[in-house]
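Only one structure is covered here, and it is reproduced in the block below.
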Amino acid sequence: MPAETLSRNEKLPHLHLLAKAPLAGQAKTRLAPLLGLEGAANAHADLVRHCVANACTAMPAEKVTLWTALDHAHPLFIELREQFGVMLNAQPEGDLGARVRYALNSTPGPSMLMGSDCPSITSALITICAQQLAEHDVVMLPAEDGGYGFVGTGQDYPALFEDIPWGTKNVLTTTKQRIAALGLHAVYPAIIWDVDRPEDWQRWKEITVSV
């Protein structure tokens, strides 16, 4: 690798993604009324592939880590490692906040993390977040459902992820209150949406068909 490329890559934040293995009955179960349990698992696999592809379009593969859950050796994860060259790591125990914080602090320097079910986080948006993180303590992409689908930090802020009401519509509000209490400078480049419900899946399918 040329020296100037290496230097440029070293300044980039690391990007982490969290993903469950696409096991029927354990992944995207809220899509089951529309797709069935097996179909929901397949939909989850499609989302993970899409999000990893977006990540690797925006970032060099050596700057992308996929954190796995349920079945760390699932063929989907092996496929993505071989196709894109991303690193695989097993998610640790703990609630979502503990796992997010662990991933963000597993690599030196600034880090970013996104879910694997947010197809609205494009490669261009990832690039914008990486650029913004160079100038702010925190970069975050709020989600339409009251949570967030992407967070980047310049260093470790434990309180940012502790005692957050994960899975509720109050996640973003509570997190913003923490950001203010910590005196951090945050930026919110865009509002995104994830795929949880049948209408979300149909929304994504309509977009992919029209593209």
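Simple scheme: letters A, B, ... for chains in structure tokens order, numbers from 1 for residues in each chain, numbers from 1 for ligands in the order shown.
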
### Polymer residues at most 8 Å from range 41-54 of chain A, only C-alpha atoms, same-chain spacing of 3 or more positions, as an MDAnalysis selection string
chainID A and resid 17 19 21:29 37:38 57:58 76 80 84 116:119 121:123

Distance query Asn170 in chain A at most 12 Å, only C-alpha atoms, self and fewer than 2 positions along chain excluded, as a CSV table (one decimal) with N, CA, C and O atoms, in the first residue's frame:
```csv
chain,number,residue,atom,x,y,z
A,142,PRO,N,-30.1,10.2,14.1
A,142,PRO,CA,-31.4,9.9,14.7
A,142,PRO,C,-32.3,9.0,13.8
A,142,PRO,O,-32.3,9.2,12.6
A,143,ALA,N,-33.1,8.1,14.4
A,143,ALA,CA,-34.0,7.3,13.6
A,143,ALA,C,-35.4,7.9,13.8
A,143,ALA,O,-35.8,8.5,14.8
A,144,GLU,N,-36.3,7.6,12.8
A,144,GLU,CA,-37.7,8.1,12.9
A,144,GLU,C,-38.4,7.5,14.0
A,144,GLU,O,-39.4,8.1,14.5
A,145,ASP,N,-38.0,6.3,14.5
A,145,ASP,CA,-38.8,5.7,15.6
A,145,ASP,C,-38.3,6.2,17.0
A,145,ASP,O,-38.8,5.6,18.0
A,146,GLY,N,-37.5,7.2,17.1
A,146,GLY,CA,-37.1,7.7,18.4
A,146,GLY,C,-35.8,7.2,18.9
A,146,GLY,O,-35.3,7.5,20.0
A,147,GLY,N,-35.1,6.3,18.2
A,147,GLY,CA,-33.8,5.8,18.5
A,147,GLY,C,-32.7,6.4,17.7
A,147,GLY,O,-32.9,7.6,17.2
A,148,TYR,N,-31.7,5.7,17.4
A,148,TYR,CA,-30.7,6.2,16.5
A,148,TYR,C,-30.0,4.9,15.8
A,148,TYR,O,-30.0,3.9,16.4
A,163,ASP,N,-27.7,2.9,31.2
A,163,ASP,CA,-29.1,3.2,31.7
A,163,ASP,C,-29.9,3.9,30.6
A,163,ASP,O,-30.7,4.8,31.0
A,164,ILE,N,-29.8,3.5,29.4
A,164,ILE,CA,-30.6,4.0,28.3
A,164,ILE,C,-31.8,3.1,28.1
A,164,ILE,O,-31.6,1.9,28.1
A,165,PRO,N,-33.0,3.6,27.9
A,165,PRO,CA,-34.2,2.7,27.7
A,165,PRO,C,-34.2,2.1,26.3
A,165,PRO,O,-35.0,2.5,25.5
A,166,TRP,N,-33.3,1.2,26.0
A,166,TRP,CA,-33.1,0.6,24.7
A,166,TRP,C,-34.5,0.0,24.2
A,166,TRP,O,-35.2,-0.6,25.0
A,167,GLY,N,-34.7,0.2,23.0
A,167,GLY,CA,-35.9,-0.5,22.4
A,167,GLY,C,-37.2,0.4,22.6
A,167,GLY,O,-38.3,-0.1,22.3
A,168,THR,N,-37.0,1.6,23.1
A,168,THR,CA,-38.2,2.5,23.3
A,168,THR,C,-38.0,3.7,22.5
A,168,THR,O,-37.0,4.0,21.9
A,172,LEU,N,-33.3,8.3,21.9
A,172,LEU,CA,-32.7,9.5,21.4
A,172,LEU,C,-32.8,10.6,22.4
A,172,LEU,O,-31.8,11.3,22.6
A,173,THR,N,-34.0,10.9,22.9
A,173,THR,CA,-34.1,12.0,23.9
A,173,THR,C,-33.2,11.8,25.1
A,173,THR,O,-32.5,12.7,25.5
A,174,THR,N,-33.2,10.6,25.6
A,174,THR,CA,-32.3,10.3,26.8
A,174,THR,C,-30.9,10.5,26.4
A,174,THR,O,-30.1,11.1,27.2
A,175,THR,N,-30.5,10.0,25.2
A,175,THR,CA,-29.1,10.2,24.8
A,175,THR,C,-28.7,11.6,24.6
A,175,THR,O,-27.6,12.0,25.0
A,176,LYS,N,-29.6,12.4,24.0
A,176,LYS,CA,-29.3,13.8,23.8
A,176,LYS,C,-29.1,14.5,25.2
A,176,LYS,O,-28.3,15.4,25.3
A,177,GLN,N,-29.9,14.1,26.2
A,177,GLN,CA,-29.8,14.7,27.5
A,177,GLN,C,-28.4,14.4,28.1
A,177,GLN,O,-27.8,15.2,28.7
```

Figure out the distance between CA of Thr208 in chain A and CA of His16 in chain A, please, to one decimal in Å.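 Between these atoms lies a distance of 24.4 Å.
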
Nearest to Asp196 in chain A among A:His72, A:Arg30, A:Lys63, A:His14, with distances taken over only C-alpha atoms: which residue is it?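 Of all the options, A:Arg30 lies closest to Asp196 in chain A.
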
query = For Ala98 in chain A, which of A:Val151, A:Pro158, A:Leu141, A:Glu79 is the closest residue, counting only C-alpha atoms?
reply =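 Comparing A:Val151, A:Pro158, A:Leu141, A:Glu79 against Ala98 in chain A, the winner is A:Pro158.
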
Ala73 in chain A proximity check over A:Met112, A:Tyr157, A:Lys20, A:Ile128, using only C-alpha atoms: winner is A:Lys20

Using only C-alpha atoms, the shortest atom-to-atom distance to Leu70 in chain A among A:Gly36, A:Gly85, A:Pro13, A:Pro92 belongs to A:Pro92

Taking only C-alpha atoms into account, name the residue in A:Leu133, A:Leu35, A:Val100, A:Leu12 that is nearest to Pro189 in chain A.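 For Pro189 in chain A, the nearest of the candidates is A:Leu133.
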
* To do: Compile the contact shell of Gln132 in chain A as JSON, numbers by chain: residues with an atom at most 9 Å away, counting only C-alpha atoms, same-chain residues fewer than 6 positions apart removed.
  => {"A": [138, 139, 187, 189]}

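What separates CA of Ser111 in chain A from CA of Pro75 in chain A is a distance of 26.8 Å.
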
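If you look at CA of Ala61 in chain A and CA of Gly39 in chain A, they are 29.1 Å away from each other.
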
Mind checking DSSP for range 98-177 of chain A and telling me the strand (DSSP E) residues as a count of residues only? 16

Please give the complete set of residues from range 29-204 of chain A that DSSP, run on the backbone, assigns to helix (DSSP H, G or I), formatted as a PyMOL selection string. chain A and resi 29-58+61-63+75-84+96-104+123-133+158-160+171-181+198-204

Close residues, Pro110 in chain A itself excluded, 10 Å, only C-alpha atoms, min 5 positions apart in chain, as a PyMOL selection string: chain A and resi 11-15+104-105+130+133-134+137-138+152-156

Take the residues from that selection and write them out as a tab-separated table (two decimals), in the first residue's frame, keeping N, CA and C atoms.
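Output below, filename selection10.tsv:
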```tsv
chain	number	residue	atom	x	y	z
A	11	LYS	N	-6.01	7.93	9.46
A	11	LYS	CA	-6.77	9.04	10.01
A	11	LYS	C	-8.27	8.77	9.99
A	12	LEU	N	-8.70	7.77	9.25
A	12	LEU	CA	-10.12	7.45	9.18
A	12	LEU	C	-10.59	6.79	10.46
A	13	PRO	N	-11.80	7.08	10.91
A	13	PRO	CA	-12.35	6.33	12.04
A	13	PRO	C	-12.63	4.89	11.64
A	14	HIS	N	-12.69	4.01	12.61
A	14	HIS	CA	-13.07	2.62	12.35
A	14	HIS	C	-14.59	2.54	12.37
A	15	LEU	N	-15.15	1.69	11.53
A	15	LEU	CA	-16.60	1.52	11.46
A	15	LEU	C	-16.97	0.11	11.90
A	104	LEU	N	-17.04	0.18	20.06
A	104	LEU	CA	-16.44	1.47	19.77
A	104	LEU	C	-15.04	1.60	20.36
A	105	ASN	N	-14.81	0.97	21.50
A	105	ASN	CA	-13.52	1.10	22.17
A	105	ASN	C	-12.57	-0.05	21.88
A	130	ALA	N	-18.12	10.39	8.94
A	130	ALA	CA	-16.69	10.29	9.22
A	130	ALA	C	-16.03	11.67	9.19
A	133	LEU	N	-17.12	13.68	12.29
A	133	LEU	CA	-16.54	13.21	13.54
A	133	LEU	C	-15.17	13.84	13.79
A	134	ALA	N	-14.50	14.25	12.74
A	134	ALA	CA	-13.20	14.91	12.89
A	134	ALA	C	-13.33	16.27	13.57
A	137	ASP	N	-17.40	15.93	18.99
A	137	ASP	CA	-17.20	14.83	19.94
A	137	ASP	C	-18.03	13.62	19.56
A	138	VAL	N	-19.25	13.89	19.09
A	138	VAL	CA	-20.20	12.82	18.78
A	138	VAL	C	-20.90	13.13	17.47
A	152	GLY	N	-21.02	7.87	16.33
A	152	GLY	CA	-19.57	7.93	16.25
A	152	GLY	C	-19.05	8.76	17.42
A	153	THR	N	-17.94	8.35	17.99
A	153	THR	CA	-17.35	9.07	19.12
A	153	THR	C	-15.85	9.23	18.92
A	154	GLY	N	-15.33	10.32	19.45
A	154	GLY	CA	-13.89	10.55	19.36
A	154	GLY	C	-13.11	9.85	20.44
A	155	GLN	N	-13.79	9.55	21.56
A	155	GLN	CA	-13.17	8.82	22.67
A	155	GLN	C	-14.27	8.15	23.48
A	156	ASP	N	-13.89	7.52	24.58
A	156	ASP	CA	-14.86	6.77	25.38
A	156	ASP	C	-15.69	7.69	26.27
```

With distances taken over only C-alpha atoms, the candidate from A:Trp67, A:Phe161, A:Trp193, A:Phe77 nearest Asn89 in chain A is A:Trp67

* Asked: Could you name the residues that touch Phe150 in chain A at 7 Å or less, counting only C-alpha atoms, but leaving out those on the same chain fewer than 6 positions away, as a ChimeraX atom specification?
  -> /A:113-115,140-141

Limited to N, CA, C and O atoms, could you put the picked residues into a file as a short mmCIF file (atom, residue, chain, number, x, y, z; two decimals), in the first residue's frame?
```cif
data_model
loop_
_atom_site.label_atom_id
_atom_site.label_comp_id
_atom_site.auth_asym_id
_atom_site.auth_seq_id
_atom_site.Cartn_x
_atom_site.Cartn_y
_atom_site.Cartn_z
N LEU A 113 -20.28 3.36 14.76
CA LEU A 113 -21.02 2.10 14.81
C LEU A 113 -22.40 2.30 14.20
O LEU A 113 -23.05 3.32 14.45
N MET A 114 -22.83 1.31 13.41
CA MET A 114 -24.16 1.36 12.82
C MET A 114 -24.83 0.01 12.93
O MET A 114 -24.17 -1.03 13.04
N GLY A 115 -26.16 0.03 12.89
CA GLY A 115 -26.90 -1.21 12.86
C GLY A 115 -26.85 -1.82 11.48
O GLY A 115 -26.49 -1.16 10.49
N MET A 140 -24.20 11.50 15.26
CA MET A 140 -25.30 10.55 15.46
C MET A 140 -26.35 10.73 14.37
O MET A 140 -26.61 11.85 13.92
N LEU A 141 -26.93 9.62 13.93
CA LEU A 141 -28.03 9.66 12.97
C LEU A 141 -29.31 9.23 13.68
O LEU A 141 -29.53 8.04 13.93
#
```
